[in-house]
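What follows is the content of protein28.tsv (TSV, C-alpha atoms).
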```
chain	number	residue	atom	x	y	z
Q	30	MET	CA	-34.02	-19.23	82.93
Q	31	THR	CA	-37.38	-20.94	82.67
Q	32	LEU	CA	-38.53	-22.70	79.56
Q	33	LEU	CA	-41.25	-20.09	79.03
Q	34	LYS	CA	-38.76	-17.22	79.01
Q	35	ARG	CA	-36.57	-19.11	76.57
Q	36	ASN	CA	-39.51	-19.57	74.21
Q	37	HIS	CA	-40.36	-15.86	74.45
Q	38	ILE	CA	-36.78	-14.93	73.55
Q	39	LEU	CA	-36.78	-17.37	70.64
Q	40	VAL	CA	-40.04	-15.97	69.28
Q	41	LEU	CA	-38.72	-12.43	69.64
Q	42	CYS	CA	-35.57	-13.33	67.67
Q	43	VAL	CA	-37.63	-14.85	64.91
Q	44	VAL	CA	-39.81	-11.72	64.71
Q	45	VAL	CA	-36.76	-9.46	64.58
Q	46	PHE	CA	-35.21	-11.58	61.80
Q	47	VAL	CA	-38.41	-11.51	59.76
Q	48	VAL	CA	-38.70	-7.73	60.09
Q	49	TRP	CA	-35.03	-7.32	59.15
Q	50	ALA	CA	-35.41	-9.56	56.10
Q	51	PHE	CA	-38.53	-7.70	54.98
Q	52	LEU	CA	-36.79	-4.34	55.26
Q	53	GLN	CA	-33.77	-5.60	53.31
Q	54	ALA	CA	-36.01	-6.90	50.53
Q	55	ASP	CA	-37.86	-3.63	50.36
Q	56	LEU	CA	-34.65	-1.62	50.25
Q	57	TRP	CA	-33.24	-3.90	47.51
Q	58	THR	CA	-36.41	-3.46	45.44
Q	59	ALA	CA	-36.28	0.29	45.87
Q	60	GLY	CA	-32.62	0.25	44.88
Q	61	VAL	CA	-33.36	-1.72	41.75
Q	62	ASN	CA	-36.12	0.66	40.84
Q	63	THR	CA	-33.79	3.59	41.43
Q	64	ILE	CA	-31.09	2.05	39.26
Q	65	GLN	CA	-33.53	1.19	36.52
Q	66	SER	CA	-34.88	4.70	36.49
Q	67	SER	CA	-31.44	6.34	36.45
Q	68	THR	CA	-29.96	7.76	33.26
Q	69	TYR	CA	-26.74	5.75	33.54
Q	70	TYR	CA	-28.41	2.36	33.50
Q	71	GLU	CA	-31.19	3.26	31.13
Q	72	ASP	CA	-32.52	0.28	29.25
Q	73	PRO	CA	-31.55	0.77	25.60
Q	74	GLY	CA	-34.85	-0.73	24.53
Q	75	ASN	CA	-35.17	-0.47	20.76
Q	76	VAL	CA	-32.09	1.72	20.20
Q	77	ASN	CA	-30.68	0.94	16.74
Q	78	TYR	CA	-26.90	0.60	16.68
Q	79	SER	CA	-26.75	1.68	13.07
Q	80	ASP	CA	-24.06	1.29	10.47
Q	81	ALA	CA	-23.56	5.04	10.75
Q	82	ALA	CA	-22.24	4.68	14.31
Q	83	VAL	CA	-19.90	1.91	13.23
Q	84	HIS	CA	-18.77	4.07	10.33
Q	85	ARG	CA	-18.01	6.99	12.64
Q	86	ASN	CA	-15.81	4.82	14.83
Q	87	ARG	CA	-14.08	3.33	11.81
Q	88	LEU	CA	-13.17	6.83	10.65
Q	89	LYS	CA	-11.98	7.68	14.15
Q	90	TYR	CA	-9.79	4.59	14.53
Q	91	ARG	CA	-8.52	4.26	10.98
Q	92	ASN	CA	-5.17	2.59	11.48
Q	93	PRO	CA	-4.65	-1.00	12.63
Q	94	CYS	CA	-2.63	-1.18	15.85
Q	95	VAL	CA	-1.04	-4.32	17.28
Q	96	PRO	CA	0.56	-4.83	20.72
Q	97	LEU	CA	4.30	-5.36	20.96
Q	98	GLU	CA	6.15	-7.38	23.57
Q	99	ASP	CA	7.01	-4.24	25.53
Q	100	SER	CA	3.28	-3.37	25.79
Q	101	ARG	CA	3.52	-0.55	23.25
Q	102	LEU	CA	1.06	-0.37	20.37
Q	103	ALA	CA	2.45	-0.43	16.85
Q	104	CYS	CA	0.10	1.48	14.58
Q	105	LEU	CA	0.39	0.57	10.90
Q	106	PRO	CA	-0.73	2.07	7.58
Q	107	SER	CA	-4.29	2.19	6.40
Q	108	TYR	CA	-3.13	3.11	2.89
Q	109	ILE	CA	-0.13	2.40	0.64
Q	110	LEU	CA	0.88	4.26	-2.51
Q	111	LEU	CA	2.30	1.34	-4.50
Q	112	GLY	CA	3.80	3.07	-7.53
Q	113	ALA	CA	4.55	3.01	-10.35
Q	114	MET	CA	8.09	4.37	-10.45
Q	115	LYS	CA	8.32	7.70	-12.31
Q	116	ALA	CA	4.55	8.07	-12.37
Q	117	GLY	CA	4.03	10.95	-9.96
Q	118	THR	CA	4.19	9.24	-6.56
Q	119	THR	CA	6.58	11.86	-5.16
Q	120	PHE	CA	4.19	14.61	-6.25
Q	121	LEU	CA	1.21	12.88	-4.65
Q	122	ASP	CA	2.98	12.13	-1.39
Q	123	HIS	CA	4.14	15.75	-1.12
Q	124	TYR	CA	0.62	17.13	-1.35
Q	125	MET	CA	-0.95	14.37	0.69
Q	126	GLN	CA	1.36	15.40	3.51
Q	127	GLU	CA	-0.11	18.90	3.28
Q	128	HIS	CA	-3.57	17.51	4.03
Q	129	PRO	CA	-4.42	17.68	7.76
Q	130	SER	CA	-5.98	14.21	7.72
Q	131	PHE	CA	-2.65	12.48	7.06
Q	132	ALA	CA	-0.17	11.53	9.77
Q	133	GLY	CA	3.47	12.15	8.97
Q	134	HIS	CA	6.26	9.77	8.03
Q	135	LYS	CA	10.03	10.05	8.27
Q	136	ALA	CA	10.44	9.34	4.55
Q	137	LYS	CA	8.17	8.84	1.58
Q	138	GLU	CA	9.71	5.45	0.72
Q	139	LEU	CA	10.12	3.11	3.69
Q	140	PHE	CA	10.80	-0.23	1.91
Q	141	PHE	CA	9.33	-2.27	4.76
Q	142	PHE	CA	7.48	-4.78	2.57
Q	143	SER	CA	10.55	-5.20	0.36
Q	144	HIS	CA	13.99	-4.69	1.88
Q	145	HIS	CA	13.32	-4.26	5.61
Q	146	HIS	CA	10.58	-6.75	6.41
Q	147	LYS	CA	12.76	-8.63	8.90
Q	148	LYS	CA	12.97	-5.56	11.11
Q	149	GLY	CA	9.39	-6.10	12.21
Q	150	VAL	CA	6.29	-3.99	12.69
Q	151	GLY	CA	7.70	-2.22	15.75
Q	152	TRP	CA	10.47	-0.74	13.61
Q	153	TYR	CA	7.99	0.02	10.82
Q	154	SER	CA	5.54	1.84	13.09
Q	155	SER	CA	8.34	3.98	14.51
Q	156	LEU	CA	8.75	5.60	11.08
Q	157	PHE	CA	5.34	7.31	11.28
Q	158	THR	CA	5.03	10.62	13.10
Q	159	ASN	CA	2.23	12.66	14.70
Q	160	VAL	CA	0.28	9.48	15.39
Q	161	THR	CA	-2.35	9.63	18.14
Q	162	ILE	CA	-4.81	6.78	18.48
Q	163	GLY	CA	-8.35	7.94	17.84
Q	164	ASP	CA	-7.51	11.30	16.24
Q	165	GLY	CA	-8.75	10.15	12.83
Q	166	LYS	CA	-5.46	10.80	11.01
Q	167	ILE	CA	-4.42	8.10	8.59
Q	168	ILE	CA	-1.02	6.47	8.35
Q	169	GLY	CA	0.57	5.53	5.06
Q	170	GLU	CA	3.58	5.66	2.79
Q	171	GLY	CA	4.58	5.42	-0.87
Q	172	THR	CA	7.30	3.01	-2.01
Q	173	PRO	CA	7.11	2.42	-5.79
Q	174	VAL	CA	9.27	-0.71	-5.62
Q	175	TYR	CA	6.36	-2.46	-3.87
Q	176	LEU	CA	4.41	-2.68	-7.11
Q	177	GLY	CA	6.82	-5.18	-8.63
Q	178	TRP	CA	8.33	-6.74	-5.50
Q	179	PRO	CA	7.47	-10.46	-5.47
Q	180	LEU	CA	6.56	-10.88	-1.79
Q	181	ALA	CA	5.08	-7.44	-1.14
Q	182	PRO	CA	1.43	-8.38	-1.86
Q	183	GLU	CA	1.49	-11.35	0.50
Q	184	ARG	CA	3.36	-9.47	3.20
Q	185	MET	CA	0.90	-6.59	3.02
Q	186	TYR	CA	-2.07	-8.91	3.18
Q	187	LEU	CA	-0.71	-10.68	6.26
Q	188	THR	CA	0.11	-7.38	7.99
Q	189	ILE	CA	-2.49	-4.82	6.83
Q	190	PRO	CA	-5.22	-6.79	5.01
Q	191	ASN	CA	-7.71	-3.91	5.09
Q	192	ALA	CA	-5.36	-1.25	3.77
Q	193	LYS	CA	-6.36	0.75	0.73
Q	194	LEU	CA	-3.87	0.60	-2.12
Q	195	MET	CA	-3.30	3.25	-4.78
Q	196	VAL	CA	-1.50	2.78	-8.09
Q	197	VAL	CA	-0.56	5.58	-10.49
Q	198	LEU	CA	-0.13	4.31	-14.04
Q	199	ARG	CA	1.66	6.12	-16.85
Q	200	ASP	CA	2.03	5.43	-20.55
Q	201	PRO	CA	4.52	2.52	-20.28
Q	202	VAL	CA	6.78	3.87	-23.05
Q	203	GLU	CA	7.13	7.29	-21.44
Q	204	ARG	CA	7.52	5.79	-17.99
Q	205	ALA	CA	10.45	3.61	-19.10
Q	206	TYR	CA	12.17	6.56	-20.78
Q	207	SER	CA	11.74	8.73	-17.70
Q	208	GLN	CA	13.17	5.97	-15.50
Q	209	TYR	CA	16.27	5.75	-17.68
Q	210	HIS	CA	17.07	9.47	-17.39
Q	211	HIS	CA	16.26	9.46	-13.68
Q	212	SER	CA	18.72	6.58	-13.24
Q	213	VAL	CA	21.53	8.35	-15.08
Q	214	LYS	CA	21.33	11.33	-12.70
Q	215	TRP	CA	20.69	9.18	-9.62
Q	216	LEU	CA	23.84	7.10	-10.16
Q	217	ILE	CA	25.99	10.20	-10.68
Q	218	ARG	CA	24.53	11.90	-7.61
Q	219	ARG	CA	25.34	8.91	-5.41
Q	220	LYS	CA	28.72	8.30	-7.03
Q	221	TRP	CA	27.80	4.81	-8.15
Q	222	GLU	CA	29.13	3.27	-11.34
Q	223	PRO	CA	27.69	5.51	-14.06
Q	224	LEU	CA	25.28	4.23	-16.66
Q	225	THR	CA	27.11	4.25	-19.98
Q	226	LEU	CA	24.57	2.36	-22.08
Q	227	THR	CA	22.14	4.40	-24.14
Q	228	PHE	CA	18.44	3.96	-23.61
Q	229	GLU	CA	18.19	1.98	-26.84
Q	230	GLU	CA	21.05	-0.34	-25.84
Q	231	LEU	CA	19.62	-1.00	-22.40
Q	232	VAL	CA	16.17	-1.67	-23.83
Q	233	GLU	CA	17.62	-4.11	-26.36
Q	234	GLU	CA	19.40	-5.99	-23.58
Q	235	GLU	CA	16.18	-6.29	-21.64
Q	236	VAL	CA	14.26	-7.44	-24.72
Q	237	GLN	CA	16.79	-10.24	-25.12
Q	238	LEU	CA	16.36	-11.02	-21.46
Q	239	TYR	CA	12.61	-11.38	-21.97
Q	240	LYS	CA	13.18	-13.85	-24.78
Q	241	HIS	CA	15.16	-15.93	-22.31
Q	242	CYS	CA	12.37	-15.94	-19.74
Q	243	LYS	CA	9.25	-18.01	-19.32
Q	244	MET	CA	6.32	-17.30	-21.58
Q	245	TYR	CA	2.77	-16.72	-20.44
Q	246	GLU	CA	-0.20	-16.71	-22.83
Q	247	GLY	CA	2.17	-15.96	-25.66
Q	248	LEU	CA	3.54	-12.86	-23.94
Q	249	PRO	CA	6.89	-12.55	-22.12
Q	250	MET	CA	6.16	-12.69	-18.43
Q	251	PRO	CA	8.40	-10.94	-15.90
Q	252	ASN	CA	8.51	-13.50	-13.13
Q	253	PHE	CA	10.89	-13.89	-10.23
Q	254	VAL	CA	13.52	-16.40	-9.23
Q	255	PRO	CA	12.11	-19.24	-7.08
Q	256	PHE	CA	14.28	-18.52	-4.07
Q	257	ASP	CA	13.60	-17.53	-0.49
Q	258	PHE	CA	13.33	-13.76	-0.65
Q	259	ASN	CA	13.42	-13.62	3.13
Q	260	GLU	CA	17.14	-14.20	2.87
Q	261	TRP	CA	18.98	-11.19	1.49
Q	262	ASN	CA	21.48	-12.60	-0.96
Q	263	ALA	CA	22.42	-12.29	-4.61
Q	264	THR	CA	19.30	-14.02	-5.85
Q	265	ASP	CA	17.11	-11.42	-4.18
Q	266	LYS	CA	18.44	-8.82	-6.57
Q	267	LEU	CA	17.39	-10.67	-9.71
Q	268	PHE	CA	14.10	-10.19	-11.46
Q	269	TYR	CA	13.81	-12.83	-14.15
Q	270	PRO	CA	13.62	-16.56	-13.42
Q	271	GLU	CA	16.47	-17.62	-15.68
Q	272	CYS	CA	18.95	-14.97	-14.56
Q	273	TRP	CA	20.64	-17.06	-11.92
Q	274	ARG	CA	21.29	-19.80	-14.49
Q	275	ASP	CA	22.90	-17.57	-17.09
Q	276	CYS	CA	24.89	-14.77	-15.50
Q	277	LYS	CA	26.40	-13.71	-18.80
Q	278	LEU	CA	22.95	-12.79	-20.03
Q	279	CYS	CA	21.90	-10.99	-16.88
Q	280	PHE	CA	25.14	-9.19	-16.16
Q	281	PRO	CA	26.63	-8.45	-19.58
Q	282	LEU	CA	28.88	-5.72	-18.19
Q	283	MET	CA	29.65	-7.53	-14.93
Q	284	ASN	CA	27.58	-5.04	-12.95
Q	285	SER	CA	24.11	-4.99	-11.45
Q	286	ILE	CA	22.18	-3.20	-14.19
Q	287	HIS	CA	19.62	-5.99	-14.05
Q	288	GLY	CA	19.59	-6.12	-10.27
Q	289	ALA	CA	16.76	-4.66	-8.22
Q	290	ASP	CA	19.05	-2.24	-6.36
Q	291	ASN	CA	20.00	-0.45	-9.55
Q	292	PRO	CA	17.55	2.32	-10.49
Q	293	ALA	CA	17.93	1.40	-14.18
Q	294	PHE	CA	16.70	-2.11	-13.40
Q	295	GLY	CA	13.61	-3.28	-15.24
Q	296	LEU	CA	12.95	-0.40	-17.62
Q	297	LEU	CA	10.49	-2.59	-19.50
Q	298	ALA	CA	9.44	-4.88	-16.66
Q	299	LYS	CA	8.25	-2.03	-14.47
Q	300	SER	CA	5.97	-0.89	-17.28
Q	301	LEU	CA	4.27	-4.28	-17.57
Q	302	TYR	CA	1.56	-3.30	-15.13
Q	303	TYR	CA	-0.79	-6.22	-15.72
Q	304	TYR	CA	1.41	-8.84	-14.10
Q	305	GLN	CA	2.28	-6.64	-11.15
Q	306	ILE	CA	-1.30	-5.65	-10.35
Q	307	GLU	CA	-2.56	-9.18	-10.92
Q	308	ARG	CA	-0.44	-10.32	-7.98
Q	309	TYR	CA	-2.13	-7.80	-5.70
Q	310	ARG	CA	-5.57	-8.83	-6.93
Q	311	GLN	CA	-4.83	-12.33	-5.67
Q	312	TYR	CA	-4.87	-10.91	-2.14
Q	313	PHE	CA	-6.89	-7.68	-2.18
Q	314	PRO	CA	-10.45	-7.15	-3.47
Q	315	ALA	CA	-11.14	-4.62	-6.19
Q	316	ASP	CA	-12.71	-2.07	-3.83
Q	317	GLN	CA	-9.43	-1.73	-1.94
Q	318	LEU	CA	-7.49	-0.57	-5.00
Q	319	LEU	CA	-7.60	2.81	-6.70
Q	320	TYR	CA	-6.02	3.33	-10.14
Q	321	LEU	CA	-4.95	6.83	-11.07
Q	322	SER	CA	-3.83	8.26	-14.40
Q	323	TYR	CA	-0.46	10.00	-14.52
Q	324	GLU	CA	-1.57	11.88	-17.61
Q	325	THR	CA	-4.58	13.28	-15.73
Q	326	LEU	CA	-2.36	14.06	-12.75
Q	327	ALA	CA	-0.06	16.12	-14.98
Q	328	GLU	CA	-2.96	18.12	-16.42
Q	329	GLU	CA	-5.46	18.26	-13.54
Q	330	PRO	CA	-3.75	17.47	-10.22
Q	331	GLY	CA	-6.67	18.79	-8.22
Q	332	SER	CA	-9.04	16.21	-9.68
Q	333	ILE	CA	-6.65	13.40	-8.72
Q	334	MET	CA	-6.41	14.70	-5.15
Q	335	ILE	CA	-10.21	14.65	-4.94
Q	336	GLN	CA	-10.23	11.02	-6.12
Q	337	ILE	CA	-7.74	10.14	-3.38
Q	338	GLU	CA	-9.68	12.03	-0.70
Q	339	ASP	CA	-12.92	10.30	-1.66
Q	340	PHE	CA	-11.24	6.90	-1.79
Q	341	LEU	CA	-9.73	7.36	1.68
Q	342	GLU	CA	-12.92	8.98	3.04
Q	343	ILE	CA	-11.31	12.21	4.19
Q	344	PRO	CA	-12.51	15.81	3.71
Q	345	HIS	CA	-11.56	17.72	0.61
Q	346	HIS	CA	-8.64	20.06	1.20
Q	347	ASN	CA	-8.02	23.46	-0.35
Q	348	TYR	CA	-4.48	23.23	-1.73
Q	349	ALA	CA	-2.76	26.55	-2.30
Q	350	GLY	CA	-1.36	25.40	-5.63
Q	351	PHE	CA	0.62	22.63	-7.29
Q	352	SER	CA	4.20	22.50	-8.53
Q	353	LYS	CA	6.27	19.68	-9.99
Q	354	GLN	CA	8.20	17.39	-7.64
Q	355	ASN	CA	11.22	15.23	-8.53
Q	356	ALA	CA	10.91	16.17	-12.21
Q	357	ASN	CA	13.70	15.78	-14.76
Q	358	SER	CA	14.21	17.35	-18.18
Q	359	TYR	CA	15.69	15.28	-21.00
Q	360	PRO	CA	15.74	15.15	-24.82
Q	361	ASP	CA	12.89	13.60	-26.79
Q	362	MET	CA	12.93	9.89	-27.48
Q	363	LEU	CA	13.97	8.79	-30.95
Q	364	PRO	CA	10.80	8.28	-33.04
Q	365	GLU	CA	11.86	4.79	-34.14
Q	366	THR	CA	12.51	3.75	-30.52
Q	367	ARG	CA	9.09	5.03	-29.46
Q	368	ARG	CA	7.42	3.11	-32.30
Q	369	LYS	CA	9.13	-0.16	-31.37
Q	370	LEU	CA	8.32	0.20	-27.69
Q	371	ARG	CA	4.68	0.94	-28.42
Q	372	GLU	CA	4.50	-2.25	-30.45
Q	373	PHE	CA	6.09	-4.12	-27.57
Q	374	PHE	CA	3.87	-2.76	-24.80
Q	375	LEU	CA	0.48	-2.51	-26.50
Q	376	PRO	CA	-0.44	-6.25	-26.31
Q	377	HIS	CA	0.27	-6.14	-22.58
Q	378	SER	CA	-1.53	-2.87	-21.97
Q	379	GLN	CA	-4.63	-4.05	-23.81
Q	380	LYS	CA	-5.14	-6.63	-21.05
Q	381	LEU	CA	-5.49	-3.92	-18.41
Q	382	PRO	CA	-9.06	-2.60	-18.92
Q	383	ASP	CA	-10.64	-5.94	-18.00
Q	384	LEU	CA	-8.51	-6.19	-14.86
Q	385	LEU	CA	-8.65	-2.58	-13.72
Q	386	ARG	CA	-12.10	-1.57	-15.01
Q	387	VAL	CA	-10.59	1.64	-16.32
Q	388	LYS	CA	-9.54	2.49	-19.87
Q	389	TRP	CA	-7.04	5.10	-20.92
Q	390	ASP	CA	-5.87	5.83	-24.46
Q	391	TRP	CA	-2.50	4.06	-24.21
Q	392	MET	CA	-4.27	0.89	-23.06
Q	393	VAL	CA	-6.20	0.65	-26.31
Q	394	SER	CA	-4.32	2.36	-29.12
Q	395	TYR	CA	-1.78	5.08	-29.71
Q	396	ASP	CA	-3.79	6.62	-32.53
Q	397	LYS	CA	-5.43	9.24	-30.32
Q	398	ILE	CA	-2.15	10.08	-28.59
Q	399	ASP	CA	-0.40	10.90	-31.86
```

Spit out the file's structure as structure tokens when you get a sec.
Amino acid sequence: MTLLKRNHILVLCVVVFVVWAFLQADLWTAGVNTIQSSTYYEDPGNVNYSDAAVHRNRLKYRNPCVPLEDSRLACLPSYILLGAMKAGTTFLDHYMQEHPSFAGHKAKELFFFSHHHKKGVGWYSSLFTNVTIGDGKIIGEGTPVYLGWPLAPERMYLTIPNAKLMVVLRDPVERAYSQYHHSVKWLIRRKWEPLTLTFEELVEEEVQLYKHCKMYEGLPMPNFVPFDFNEWNATDKLFYPECWRDCKLCFPLMNSIHGADNPAFGLLAKSLYYYQIERYRQYFPADQLLYLSYETLAEEPGSIMIQIEDFLEIPHHNYAGFSKQNANSYPDMLPETRRKLREFFLPHSQKLPDLLRVKWDWMVSYDKID
């Protein structure tokens, strides 16, 4: 092949390459234009991703879900009904479960943040039913022991820091009396050692117990023993800090009346709401707590349900009607006992309005109640 022919072939190859490159560039430009003009790749431009869109998704995915080692998701509560004991939590949970926006649970009281914390979030999440991610239903439970359990606030904060917490408060005198009569029947029903002390005797024992405990701002403070509550042993069942040092005081009848597993435990302590709620306020901001009045619940249950629905941002539900749940009948308290207990509780209760930003009659004076 002559040199001239070789040059012609070389020039031809260069021309072909240039034409090919030009066509590829043109096709690429056309493709880009096509993509840019398509609906799928539309430039958002000045679209405003508003708070409303974020809010819609937050309502859709209400419950926190964490991955487990087996790749399953454990979905956890977005609300907790903390208590108080004998203040209407069974009633509320019953009707909340009627509302279509609530997921189910295998029991009202699950005790995860108290007794069963070591079992882990996988076990805890398995106790909730009808849970589908993204369906907007909210998970929750109601364990009244949480309100006074020493590690519950911290455990909740570390596990479900954005959960909304609800507390039903009742006149502390009436709550304590109701707990006593509930305990008498509970122990008989479960064939435990029966409660033979009268209400007045049990209250007097607990008053003496308070006098043996630490003092805080001039008021007896129900604190807890400084032991590792992660280990389930005898000290876990004690409420007051001096109990483990003086067993004769804490167990006068050689039983567990003053132990947390006994339903008669802490008749007075469980009515000292200030110290219990103050612990939660160390971890949760005010807008994550809702305080409800038992007295209003007893008279106007529908209004309380509306408060809960608004707090949890769910639609109002048309309940067919309301009936009492877990209610007991018992004789009236002795007038002298009621007077003494009111004198005992009132200094504590008067501290509540500043903490809770609500004020009910028994927090201020018993004049209007009588």

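Among the candidates Q:His377, Q:Lys115, Q:Arg91, Q:Arg386, the one nearest to Val197 (chain Q) when counting only C-alpha atoms is Q:Lys115.
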
Figure out the distance between CA of Lys147 (chain Q) and CA of Arg87 (chain Q), please, to one decimal in Å.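 Computing it gives 29.5 Å between the two atoms.
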
Pick out the closest residue to Pro201 (chain Q) from this set: Q:Arg308, Q:Lys89, Q:His346, Q:Lys299. Count only C-alpha atoms. Q:Lys299

Using all atoms listed in the file, pick whichever of Q:Trp389, Q:Phe141, Q:Tyr348, Q:Tyr206 has the shortest atom-to-atom distance to Gly169 (chain Q).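 Among the listed residues, Q:Phe141 lies closest to Gly169 (chain Q).
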
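Taking CA of Val393 (chain Q) and CA of Leu301 (chain Q) as the two end points, the separation is 14.5 Å.
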
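Straight-line separation from CA of Ile217 (chain Q) to CA of Leu111 (chain Q): 26.0 Å.
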
Pick from Q:Val95, Q:Ala192, Q:Arg204, Q:His123, whichever lies nearest to Val150 (chain Q) using all atoms listed in the file: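 Nearest to Val150 (chain Q): Q:Val95.
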
Residues within 12 Å of Leu176 (chain Q), only C-alpha atoms, excluding chain neighbours under 4 positions, as a ChimeraX atom specification: /Q:109-114,116,118,140,142-143,171-172,180-183,185,194-198,298-310

What's around Tyr90 (chain Q) at 10 Å? Count only C-alpha atoms, leave out sequence neighbours fewer than 6 positions away in its own chain, and write the answer as a list in words.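 Selected residues are His84, Thr161, Ile162, Gly163, Asp164, Gly165, Lys166 and Ile167 of chain Q.
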
Residue nearest Leu88 (chain Q) among Q:Ala132, Q:Leu363, Q:Ile343, Q:Leu326 (counting all atoms listed in the file):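 Between Q:Ala132, Q:Leu363, Q:Ile343, Q:Leu326, the residue approaching Leu88 (chain Q) most closely is Q:Ile343.
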
Min atom-atom distance to Leu385 (chain Q) from the set Q:Ala327, Q:Ser322, Q:Ser352, Q:Asp339, counting all atoms listed in the file, belongs to Q:Ser322

I'd like the box whose edges run along x, y and z of the file and which contains every listed atom of region 318-337 of chain Q, padded by 5 Å per side; could you state its centre and edge lengths in Å, one decimal, as JSON?
```
{"center_x": -5.1, "center_y": 9.1, "center_z": -10.5, "size_x": 20.2, "size_y": 29.4, "size_z": 24.2}
```

Write out N, CA and C atoms for region 201-217 of chain Q, as a compact mmCIF listing (two decimals), in the frame of the given file.
```
# COMPACT_ATOMS: atom_id res chain seq x y z
N PRO Q 201 3.33 3.34 -20.60
CA PRO Q 201 4.52 2.52 -20.28
C PRO Q 201 5.77 2.93 -21.04
N VAL Q 202 5.62 3.43 -22.26
CA VAL Q 202 6.78 3.87 -23.05
C VAL Q 202 7.42 5.08 -22.39
N GLU Q 203 6.61 6.06 -22.04
CA GLU Q 203 7.13 7.29 -21.44
C GLU Q 203 7.67 7.02 -20.04
N ARG Q 204 7.04 6.12 -19.33
CA ARG Q 204 7.52 5.79 -17.99
C ARG Q 204 8.92 5.19 -18.04
N ALA Q 205 9.14 4.25 -18.97
CA ALA Q 205 10.45 3.61 -19.10
C ALA Q 205 11.53 4.63 -19.45
N TYR Q 206 11.20 5.54 -20.36
CA TYR Q 206 12.17 6.56 -20.78
C TYR Q 206 12.51 7.50 -19.62
N SER Q 207 11.52 7.86 -18.85
CA SER Q 207 11.74 8.73 -17.70
C SER Q 207 12.61 8.02 -16.66
N GLN Q 208 12.37 6.73 -16.46
CA GLN Q 208 13.17 5.97 -15.50
C GLN Q 208 14.64 5.94 -15.91
N TYR Q 209 14.89 5.79 -17.20
CA TYR Q 209 16.27 5.75 -17.68
C TYR Q 209 17.00 7.05 -17.32
N HIS Q 210 16.40 8.19 -17.63
CA HIS Q 210 17.07 9.47 -17.39
C HIS Q 210 17.16 9.77 -15.89
N HIS Q 211 16.18 9.34 -15.14
CA HIS Q 211 16.26 9.46 -13.68
C HIS Q 211 17.45 8.65 -13.16
N SER Q 212 17.65 7.47 -13.70
CA SER Q 212 18.72 6.58 -13.24
C SER Q 212 20.09 7.16 -13.54
N VAL Q 213 20.24 7.74 -14.72
CA VAL Q 213 21.53 8.35 -15.08
C VAL Q 213 21.94 9.39 -14.04
N LYS Q 214 21.02 10.27 -13.67
CA LYS Q 214 21.33 11.33 -12.70
C LYS Q 214 21.46 10.77 -11.28
N TRP Q 215 20.66 9.78 -10.96
CA TRP Q 215 20.69 9.18 -9.62
C TRP Q 215 22.05 8.53 -9.36
N LEU Q 216 22.56 7.79 -10.32
CA LEU Q 216 23.84 7.10 -10.16
C LEU Q 216 24.99 8.10 -10.02
N ILE Q 217 24.95 9.17 -10.78
CA ILE Q 217 25.99 10.20 -10.68
C ILE Q 217 25.92 10.88 -9.31
```
